[in-house]
file run.cif (mmCIF, C-alpha atoms (C1' of nucleotides))
data_input
#
loop_
_atom_site.label_atom_id
_atom_site.label_comp_id
_atom_site.auth_asym_id
_atom_site.auth_seq_id
_atom_site.Cartn_x
_atom_site.Cartn_y
_atom_site.Cartn_z
CA MET A 74 114.50 100.54 43.55
CA GLN A 75 117.02 98.70 41.52
CA TYR A 76 115.79 96.58 38.66
CA LEU A 77 118.43 94.00 37.89
CA THR A 78 118.58 91.98 34.73
CA GLY A 79 122.25 91.08 34.35
CA PHE A 80 123.70 87.87 35.74
CA LYS A 81 126.56 89.59 37.51
CA ASP A 82 124.36 92.25 39.08
CA ILE A 83 121.90 89.70 40.37
CA GLN A 84 124.67 87.47 41.70
CA ALA A 85 126.19 90.39 43.54
CA VAL A 86 122.92 91.24 45.19
CA ILE A 87 122.27 87.62 46.14
CA SER A 88 125.60 87.45 47.84
CA LYS A 89 124.87 90.72 49.66
CA TYR A 90 121.51 89.40 50.87
CA SER A 91 123.03 86.14 52.02
CA GLN A 92 124.55 88.09 54.91
CA THR A 93 121.30 89.54 56.26
CA LYS A 94 119.10 88.26 59.06
CA ILE A 95 115.69 88.86 57.54
CA LEU A 96 114.29 89.46 54.07
CA TRP A 97 110.83 90.30 52.83
CA ILE A 98 110.25 88.56 49.52
CA ASP A 99 107.60 88.44 46.84
CA THR A 100 107.56 86.89 43.38
CA GLU A 101 105.77 87.43 40.11
CA ILE A 102 104.88 84.47 37.97
CA ALA A 103 104.38 84.37 34.20
CA ASP A 104 101.92 81.98 32.60
CA TYR A 105 100.45 81.18 35.98
CA GLN A 106 97.25 79.86 34.47
CA THR A 107 99.04 77.30 32.36
CA SER A 108 100.62 74.00 33.28
CA LYS A 109 104.08 75.57 32.88
CA PRO A 110 104.24 78.67 35.02
CA ARG A 111 107.57 80.50 34.97
CA LEU A 112 109.20 82.53 37.69
CA SER A 113 109.54 86.04 36.34
CA LEU A 114 110.61 88.34 39.15
CA ILE A 115 111.90 88.02 42.69
CA GLN A 116 111.46 91.19 44.70
CA VAL A 117 113.50 91.52 47.84
CA LEU A 118 113.49 94.06 50.64
CA ASP A 119 115.92 94.15 53.54
CA LYS A 120 115.83 96.24 56.74
CA PRO A 121 112.93 98.55 56.01
CA THR A 122 112.59 101.81 57.88
CA GLN A 123 110.01 101.89 60.61
CA MET A 124 107.81 104.77 59.63
CA GLY A 125 106.12 105.90 56.51
CA ILE A 126 106.37 104.76 52.94
CA ASP A 127 109.18 107.04 52.07
CA ALA A 128 111.53 106.92 49.17
CA ALA A 129 114.24 105.31 51.26
CA GLU A 130 112.09 102.28 51.91
CA THR A 131 110.78 101.68 48.44
CA GLU A 132 114.22 102.40 47.04
CA ARG A 133 115.64 99.54 49.07
CA VAL A 134 113.68 97.01 47.05
CA SER A 135 115.61 94.97 44.54
CA ILE A 136 113.76 93.48 41.64
CA LEU A 137 115.57 90.46 40.30
CA ASP A 138 114.58 89.64 36.75
CA VAL A 139 114.98 85.88 36.65
CA LEU A 140 112.80 84.97 33.70
CA GLU A 141 114.44 82.01 31.94
CA LYS A 142 117.45 82.24 34.25
CA SER A 143 117.25 78.94 36.07
CA GLU A 144 120.90 78.97 37.22
CA ILE A 145 120.33 82.28 38.95
CA ILE A 146 117.11 81.02 40.50
CA ASP A 147 118.95 77.97 41.80
CA GLU A 148 121.62 80.18 43.26
CA PHE A 149 119.00 82.30 45.01
CA ILE A 150 117.42 79.15 46.39
CA GLU A 151 120.74 77.75 47.57
CA LYS A 152 122.11 80.88 49.16
CA ILE A 153 118.96 82.51 50.48
CA ILE A 154 116.02 80.12 50.68
CA PHE A 155 117.93 77.13 52.04
CA ASN A 156 119.94 79.25 54.45
CA PRO A 157 118.49 78.72 57.94
CA ASP A 158 120.16 81.87 59.26
CA ILE A 159 118.04 84.15 57.12
CA GLU A 160 114.38 84.60 57.96
CA LYS A 161 112.31 84.85 54.78
CA VAL A 162 108.92 86.52 55.00
CA PHE A 163 106.27 85.91 52.36
CA HIS A 164 102.55 86.42 52.07
CA ASN A 165 101.10 82.99 51.37
CA ALA A 166 104.56 81.45 51.43
CA SER A 167 103.34 78.12 50.11
CA TYR A 168 102.61 79.72 46.77
CA ASP A 169 105.98 81.40 46.26
CA LEU A 170 107.87 78.44 47.62
CA ARG A 171 106.49 76.26 44.87
CA PHE A 172 108.97 78.07 42.66
CA LEU A 173 111.63 78.43 45.33
CA GLY A 174 112.62 75.08 46.70
CA ASN A 175 109.32 73.86 48.11
CA ARG A 176 109.52 72.15 51.45
CA GLN A 177 113.27 72.30 51.68
CA ALA A 178 113.02 76.01 52.37
CA GLN A 179 114.33 77.00 55.78
CA ASN A 180 113.25 79.66 58.25
CA VAL A 181 110.19 80.91 56.43
CA SER A 182 107.49 83.15 57.87
CA CYS A 183 104.12 83.62 56.28
CA THR A 184 102.06 86.72 56.96
CA LEU A 185 98.94 84.97 55.74
CA GLU A 186 99.36 82.27 58.37
CA MET A 187 100.20 84.85 61.01
CA ALA A 188 97.12 86.89 60.20
CA LYS A 189 94.88 83.85 60.32
CA SER A 190 96.15 82.88 63.75
CA ILE A 191 95.13 86.17 65.30
CA PRO A 192 91.61 86.30 66.74
CA TYR A 193 89.07 88.25 64.77
CA TYR A 194 88.45 90.81 67.46
CA LEU A 195 92.08 91.88 67.34
CA LEU A 196 92.20 91.87 63.56
CA PRO A 197 88.69 92.50 62.28
CA VAL A 198 89.26 92.35 58.54
CA PRO A 199 86.98 90.84 55.91
CA ASN A 200 89.78 88.77 54.38
CA PHE A 201 93.52 88.24 54.62
CA LYS A 202 94.67 89.45 51.24
CA LEU A 203 97.89 91.41 51.42
CA GLU A 204 96.03 94.35 49.95
CA THR A 205 93.41 94.29 52.67
CA LEU A 206 95.96 93.94 55.45
CA ALA A 207 98.03 96.80 54.06
CA GLU A 208 95.00 99.06 53.88
CA GLN A 209 93.17 98.18 57.05
CA LEU A 210 95.96 97.08 59.35
CA CYS A 211 98.61 99.55 58.26
CA HIS A 212 96.29 102.29 56.99
CA LEU A 213 98.10 102.48 53.70
CA SER A 214 95.86 103.92 51.03
CA ALA A 215 95.91 103.49 47.29
CA VAL A 216 97.14 99.94 47.26
CA ASP A 217 97.00 99.10 43.59
CA LYS A 218 96.53 95.47 42.66
CA THR A 219 95.55 95.95 39.03
CA GLN A 220 98.88 94.61 37.80
CA GLN A 221 98.64 91.40 39.78
CA GLY A 222 97.26 89.32 36.98
CA SER A 223 99.16 91.05 34.21
CA ASP A 224 101.49 89.33 31.79
CA TRP A 225 104.78 88.86 33.58
CA GLY A 226 106.26 86.99 30.65
CA ILE A 227 106.70 89.98 28.38
CA ARG A 228 109.79 92.14 28.14
CA PRO A 229 110.24 94.96 28.64
CA LEU A 230 107.93 95.20 31.61
CA SER A 231 105.85 98.34 31.85
CA ARG A 232 106.50 101.10 34.37
CA LYS A 233 103.25 100.20 36.07
CA GLN A 234 104.32 96.59 36.44
CA LEU A 235 107.68 97.49 37.93
CA HIS A 236 106.05 99.93 40.31
CA TYR A 237 103.60 97.30 41.43
CA ALA A 238 106.40 94.78 41.80
CA LYS A 239 108.45 97.01 44.04
CA MET A 240 105.55 97.98 46.27
CA ASP A 241 104.58 94.48 47.30
CA PRO A 242 107.61 93.73 49.50
CA VAL A 243 107.15 97.15 51.10
CA TYR A 244 103.55 96.38 51.99
CA LEU A 245 104.65 92.97 53.10
CA ALA A 246 107.19 94.36 55.54
CA ARG A 247 104.73 96.83 57.01
CA VAL A 248 102.06 94.18 57.41
CA HIS A 249 104.58 91.83 58.94
CA HIS A 250 105.63 94.45 61.45
CA ARG A 251 102.06 95.09 62.58
CA LEU A 252 101.30 91.38 62.75
CA LEU A 253 104.24 90.86 65.08
CA GLN A 254 102.75 93.45 67.42
CA LEU A 255 99.35 91.80 67.30
CA LYS A 256 100.90 88.40 67.83
CA GLN A 257 102.40 89.62 71.07
CA LEU A 258 99.06 91.01 72.14
CA ALA A 259 97.39 87.72 71.30
CA ASN A 260 99.89 85.55 73.15
CA PRO A 261 100.43 86.96 76.62
CA ASP A 262 102.48 85.09 79.17
CA PRO A 263 99.96 83.20 81.34
CA VAL A 264 102.17 83.76 84.37
CA LYS A 265 101.84 87.50 84.05
CA GLU A 266 98.15 87.71 83.22
CA ASP A 267 95.93 89.97 85.31
CA LEU A 268 93.34 87.43 86.36
CA SER A 269 90.85 89.82 87.90
CA ALA A 270 90.95 92.08 84.86
CA LEU A 271 90.29 89.10 82.66
CA MET A 272 87.37 87.99 84.78
CA ILE A 273 85.83 91.44 84.72
CA ARG A 274 86.19 91.55 80.98
CA TYR A 275 84.60 88.13 80.72
CA ARG A 276 81.60 89.24 82.73
CA GLN A 277 81.25 92.35 80.63
CA LEU A 278 81.17 90.35 77.43
CA GLU A 279 79.13 87.41 78.65
CA HIS A 280 75.82 89.21 78.62
CA GLN A 281 76.19 90.75 75.17
CA TRP A 282 77.58 87.56 73.78
CA LYS A 283 74.65 85.48 74.94
CA GLN A 284 72.23 87.83 73.27
CA ILE A 285 74.12 87.90 70.00
CA ASP A 286 74.94 84.22 70.00
CA THR A 287 71.40 83.11 70.62
CA GLU A 288 69.97 85.54 68.13
CA ILE A 289 72.36 84.57 65.37
CA ASN A 290 71.67 80.88 65.86
CA HIS A 291 67.97 81.55 65.99
CA ILE A 292 68.10 83.49 62.76
CA LYS A 293 70.22 80.85 61.08
CA ASN A 294 67.70 78.20 61.92
CA ARG A 295 64.82 80.34 60.74
CA ILE A 296 66.58 81.03 57.44
CA LYS A 297 67.25 77.33 57.04
CA ALA A 298 63.66 76.41 57.74
CA ALA A 299 62.31 79.22 55.59
CA MET A 300 64.49 78.37 52.61
CA ALA A 301 63.52 74.75 52.87
CA ALA A 302 59.83 75.53 53.19
CA GLN A 303 59.87 78.06 50.38
CA GLU A 304 62.10 75.87 48.25
CA VAL A 305 64.75 78.52 47.80
CA SER A 306 68.17 76.93 47.57
CA GLU A 307 70.26 80.01 46.95
CA THR A 308 69.75 83.70 47.53
CA ALA A 309 71.88 86.73 48.24
CA GLY A 310 74.86 84.78 49.50
CA PHE A 311 72.86 82.20 51.42
CA LYS A 312 72.98 78.68 50.15
CA LEU A 313 71.03 75.71 51.41
CA SER A 314 72.40 72.32 50.60
CA SER A 315 72.01 68.85 51.95
CA SER A 316 74.37 65.98 52.03
CA LYS A 317 73.92 62.31 52.73
CA ARG A 318 76.25 60.12 54.62
CA THR A 319 76.04 56.45 55.25
CA THR A 320 77.64 54.84 58.23
CA LYS A 321 78.08 51.11 58.20
CA LYS A 322 78.22 49.12 61.37
CA ALA A 323 78.89 45.49 62.09
CA ALA A 324 78.80 43.33 65.17
CA PHE A 325 82.28 43.15 66.66
CA GLU A 326 82.27 39.38 67.02
CA GLN A 327 81.23 38.87 63.43
CA LEU A 328 83.85 41.28 62.22
CA ALA A 329 86.57 39.54 64.22
CA LYS A 330 85.60 36.13 62.90
CA LEU A 331 85.35 37.30 59.32
CA THR A 332 88.76 38.93 59.28
CA GLN A 333 90.28 35.83 60.80
CA THR A 334 88.79 33.42 58.33
CA LEU A 335 89.68 35.65 55.40
CA GLY A 336 93.09 36.40 56.79
CA ILE A 337 92.54 40.13 56.55
CA GLU A 338 94.86 42.15 58.70
CA LEU A 339 92.89 44.74 60.58
CA ASP A 340 95.33 46.47 62.82
CA LEU A 341 93.23 49.09 64.45
CA PRO A 342 92.97 50.10 68.08
CA VAL A 343 89.60 49.71 69.75
CA THR A 344 88.66 52.00 72.55
CA LEU A 345 87.74 50.06 75.67
CA THR A 346 84.98 52.11 77.18
CA LYS A 347 84.09 51.87 80.83
CA ALA A 348 81.27 49.53 79.94
CA VAL A 349 83.52 47.18 78.00
CA GLN A 350 86.13 47.26 80.72
CA LYS A 351 83.51 46.22 83.21
CA GLN A 352 82.40 43.35 81.08
CA LEU A 353 85.95 42.14 80.61
CA GLY A 354 86.68 42.23 84.32
CA GLU A 355 89.94 40.54 85.27
CA ALA A 356 90.41 39.23 81.75
CA ILE A 357 91.50 42.69 80.70
CA GLU A 358 94.94 41.86 82.09
CA GLN A 359 95.53 39.47 79.22
CA LEU A 360 95.50 42.27 76.71
CA SER A 361 98.48 44.41 75.94
CA LEU A 362 96.87 47.72 76.60
CA GLU A 363 97.84 51.03 75.23
CA GLU A 364 96.99 53.60 77.84
CA GLU A 365 96.64 57.25 77.17
CA VAL A 366 96.23 59.64 80.04
CA SER A 367 95.22 63.19 79.30
CA THR A 368 94.46 65.96 81.69
CA ASN A 369 91.86 68.41 80.63
CA TRP A 370 91.39 71.69 82.37
CA ARG A 371 87.82 72.69 82.65
CA LEU A 372 86.66 76.17 83.34
CA SER A 373 83.28 76.30 85.06
CA ILE A 374 81.74 79.67 85.43
CA GLN A 375 79.10 80.44 87.99
CA GLU A 376 76.14 82.60 87.27
CA LEU A 377 76.42 86.02 88.78
CA GLU A 378 73.76 87.57 90.96
CA ASP A 379 72.26 90.70 89.42
CA GLU A 380 73.87 93.06 91.86
CA ASP A 381 77.31 91.71 91.08
CA LEU A 382 77.22 92.62 87.43
CA PRO A 383 80.19 94.84 86.68
CA PHE A 384 78.23 97.07 84.34
"C1'" DA B 406 93.49 77.17 36.52
"C1'" DA B 407 96.29 74.82 40.10
"C1'" DG B 408 97.62 73.40 44.34
"C1'" DC B 409 97.75 73.78 49.03
"C1'" DC B 410 95.75 74.41 53.46
"C1'" DC B 411 92.41 75.19 56.91
"C1'" DA B 412 87.88 76.34 58.94
"C1'" DC B 413 83.54 74.64 59.51
"C1'" DG B 414 79.48 71.77 60.20
"C1'" DC B 415 78.01 67.53 61.46
"C1'" DG B 416 77.23 63.15 63.59
"C1'" DA B 417 78.86 60.00 66.77
"C1'" DC B 418 81.04 59.17 71.06
"C1'" DA B 419 83.05 59.31 75.63
"C1'" DA B 420 82.90 60.50 80.21
"C1'" DG B 421 82.55 63.38 84.28
"C1'" DA B 422 79.18 66.19 86.86
"C1'" DC B 423 74.89 66.53 88.37
"C1'" DT B 424 70.17 65.03 89.86
"C1'" DA B 425 66.33 62.48 91.48
"C1'" DT C 625 71.79 53.74 90.20
"C1'" DA C 626 70.03 55.43 86.01
"C1'" DG C 627 69.22 59.17 83.27
"C1'" DT C 628 70.44 63.93 81.72
"C1'" DC C 629 73.53 67.70 80.87
"C1'" DT C 630 77.80 69.52 79.58
"C1'" DT C 631 82.16 69.51 77.54
"C1'" DG C 632 85.40 67.84 74.58
"C1'" DT C 633 87.27 64.91 70.74
"C1'" DC C 634 87.38 62.63 66.33
"C1'" DG C 635 86.85 61.73 61.44
"C1'" DC C 636 84.89 63.07 57.32
"C1'" DG C 637 83.40 65.83 53.64
"C1'" DT C 638 82.76 70.41 51.85
"C1'" DG C 639 83.79 74.76 50.75
"C1'" DG C 640 86.44 78.60 50.41
"C1'" DG C 641 90.72 81.63 50.43
"C1'" DC C 642 95.27 82.76 48.89
"C1'" DT C 643 98.91 83.52 45.25
"C1'" DT C 644 100.12 84.64 40.08
#
call {"tool": "encode", "arguments": {"input": "run.cif", "output": "structure tokens"}}
result
Amino acid sequence: MQYLTGFKDIQAVISKYSQTKILWIDTEIADYQTSKPRLSLIQVLDKPTQMGIDAAETERVSILDVLEKSEIIDEFIEKIIFNPDIEKVFHNASYDLRFLGNRQAQNVSCTLEMAKSIPYYLLPVPNFKLETLAEQLCHLSAVDKTQQGSDWGIRPLSRKQLHYAKMDPVYLARVHHRLLQLKQLANPDPVKEDLSALMIRYRQLEHQWKQIDTEINHIKNRIKAAMAAQEVSETAGFKLSSSKRTTKKAAFEQLAKLTQTLGIELDLPVTLTKAVQKQLGEAIEQLSLEEEVSTNWRLSIQELEDEDLPF
DNA sequence: AAGCCCACGCGACAAGACTA
DNA sequence: TAGTCTTGTCGCGTGGGCTT
């Protein structure tokens, strides 16, 4: 790890990184709970090794101390964040980007978004914190998050803080690597799919799924009814709440007249249902219609006879 | 605490398939 | 032909997760 505080050193490293294809980046923010949060550190990792958290990998991390160095931050944003040729990987990118150029950022990947897009059965984790993904997806143990909320505005930073700061991009890169694998698994080419294998798998799951699905809905409804009947609104993670909504409706003719007399512009499309179309008849030609054709593919699945069950 | 983003539940609809 | 079933969509509000 190199911990850089000097302008020249940081500039040199920025210019080095501006030549790479992909960077794994994390930040630490001071005074995050106030209205004036300050960017404290930018941690950057390039080209991590594939296997193991070895010294070589963690030593690659650069920690850029940018507290109160807005010119340097701007330079980082200009040369790295706005550069579309460099892929920048963050966990929860929208948070870090608030301090790094916001929406103007180019070529950004977010491991949080990636993780959320993968179906639960492929990534069965209780949440998508970086810590959890590092531990459960990459089997890294002893992920220490105790420094996360520490004071990043003080100097000098403690050894613990710097250690924490350098580990995050390492975890990030490992998580990112595994997520790319899962993403491939989750997005097979439809042309190359093994249809019969898929259908067998479907039949295998169908039976179990029906049992579980019906039971879970049944239990939900019973809990709902029981909580209502016993006047329990909250218990052990179950909360019963009700909400009201009012929908207002008016006769179309009345609405049309009213808006005309009041001169209110109501420019909204009205769906002409089959019934309305029929009532209009030929007169429909007088309207300038906006037609939308969509094709929906429907999968209908026949019940299997008992003897055909593949299990 | 702040800000962003998304999943979820829900009601209301639409419309094709099916059925008597 | 009318009614039912199934599937899908939409908007809206809520609630929760993620980062420091």
call {"tool": "closest_residue", "arguments": {"input": "run.cif", "among": "A:Asp169, A:Val86, A:Ser113, A:Glu148", "to": "DG408 in chain B", "atoms": "all atoms listed in the file"}}
result
A:Asp169
call {"tool": "resolve_selection", "arguments": {"input": "run.cif", "expression": "the PyMOL selection byres ((chain C) within 10 of (chain A))", "output": "VMD selection string"}}
result
chain C and resid 631 to 632 636 to 638 641 to 644
call {"tool": "atom_distance", "arguments": {"input": "run.cif", "atom1": "CA of Pro157 in chain A", "atom2": "CA of Gln179 in chain A"}}
result
5.0 Å
call {"tool": "axis_aligned_box", "arguments": {"input": "run.cif", "around": "range 628-644 of chain C", "padding_each_side": "8 Å", "output": "AutoDock Vina command-line options"}}
result
--center_x 85.3 --center_y 73.2 --center_z 60.9 --size_x 45.7 --size_y 38.9 --size_z 57.6
call {"tool": "interface_residues", "arguments": {"input": "run.cif", "of": "chain B", "to": "chain A", "cutoff": "10 Å", "atoms": "only C-alpha atoms (C1' of nucleotides)", "output": "VMD selection string"}}
result
chain B and resid 406 to 411 416 419 to 420
call {"tool": "resolve_selection", "arguments": {"input": "run.cif", "expression": "the PyMOL selection byres ((chain C and resi 627) around 12)", "output": "list in words"}}
result
DC423, DT424 and DA425 of chain B; DT625, DA626, DT628 and DC629 of chain C
call {"tool": "atom_distance", "arguments": {"input": "run.cif", "atom1": "CA of Val248 in chain A", "atom2": "CA of Thr78 in chain A"}}
result
28.1 Å
call {"tool": "closest_residue", "arguments": {"input": "run.cif", "among": "A:Ile357, A:Leu206, A:Leu278, A:Ala238", "to": "Val117 in chain A", "atoms": "only C-alpha atoms"}}
result
A:Ala238
call {"tool": "resolve_selection", "arguments": {"input": "run.cif", "expression": "the PyMOL selection byres ((chain B and resi 418) around 9)", "output": "MDAnalysis selection string"}}
result
(chainID B and resid 417 419) or (chainID C and resid 633:634)
call {"tool": "write_last_selection", "arguments": {"input": "run.cif", "atoms": "C-alpha atoms (C1' of nucleotides)", "output": "mmCIF file, keeping the file's coordinate frame"}}
result
data_model
loop_
_atom_site.group_PDB
_atom_site.id
_atom_site.type_symbol
_atom_site.label_atom_id
_atom_site.label_comp_id
_atom_site.auth_asym_id
_atom_site.auth_seq_id
_atom_site.Cartn_x
_atom_site.Cartn_y
_atom_site.Cartn_z
ATOM 1 C "C1'" DA B 417 78.860 60.000 66.770
ATOM 2 C "C1'" DA B 419 83.050 59.310 75.630
ATOM 3 C "C1'" DT C 633 87.270 64.910 70.740
ATOM 4 C "C1'" DC C 634 87.380 62.630 66.330
#
call {"tool": "residues_around", "arguments": {"input": "run.cif", "residues": "Asp217 in chain A", "least_positions_apart": "5", "cutoff": "10 Å", "atoms": "all atoms listed in the file", "output": "PyMOL selection string"}}
result
chain A and resi 204+233+236-237+240-241
call {"tool": "atom_distance", "arguments": {"input": "run.cif", "atom1": "CA of Trp97 in chain A", "atom2": "CA of Leu118 in chain A"}}
result
5.1 Å
call {"tool": "closest_residue", "arguments": {"input": "run.cif", "among": "A:Tyr193, A:Phe172, A:Phe163, A:Tyr76", "to": "Leu255 in chain A", "atoms": "all atoms listed in the file"}}
result
A:Tyr193
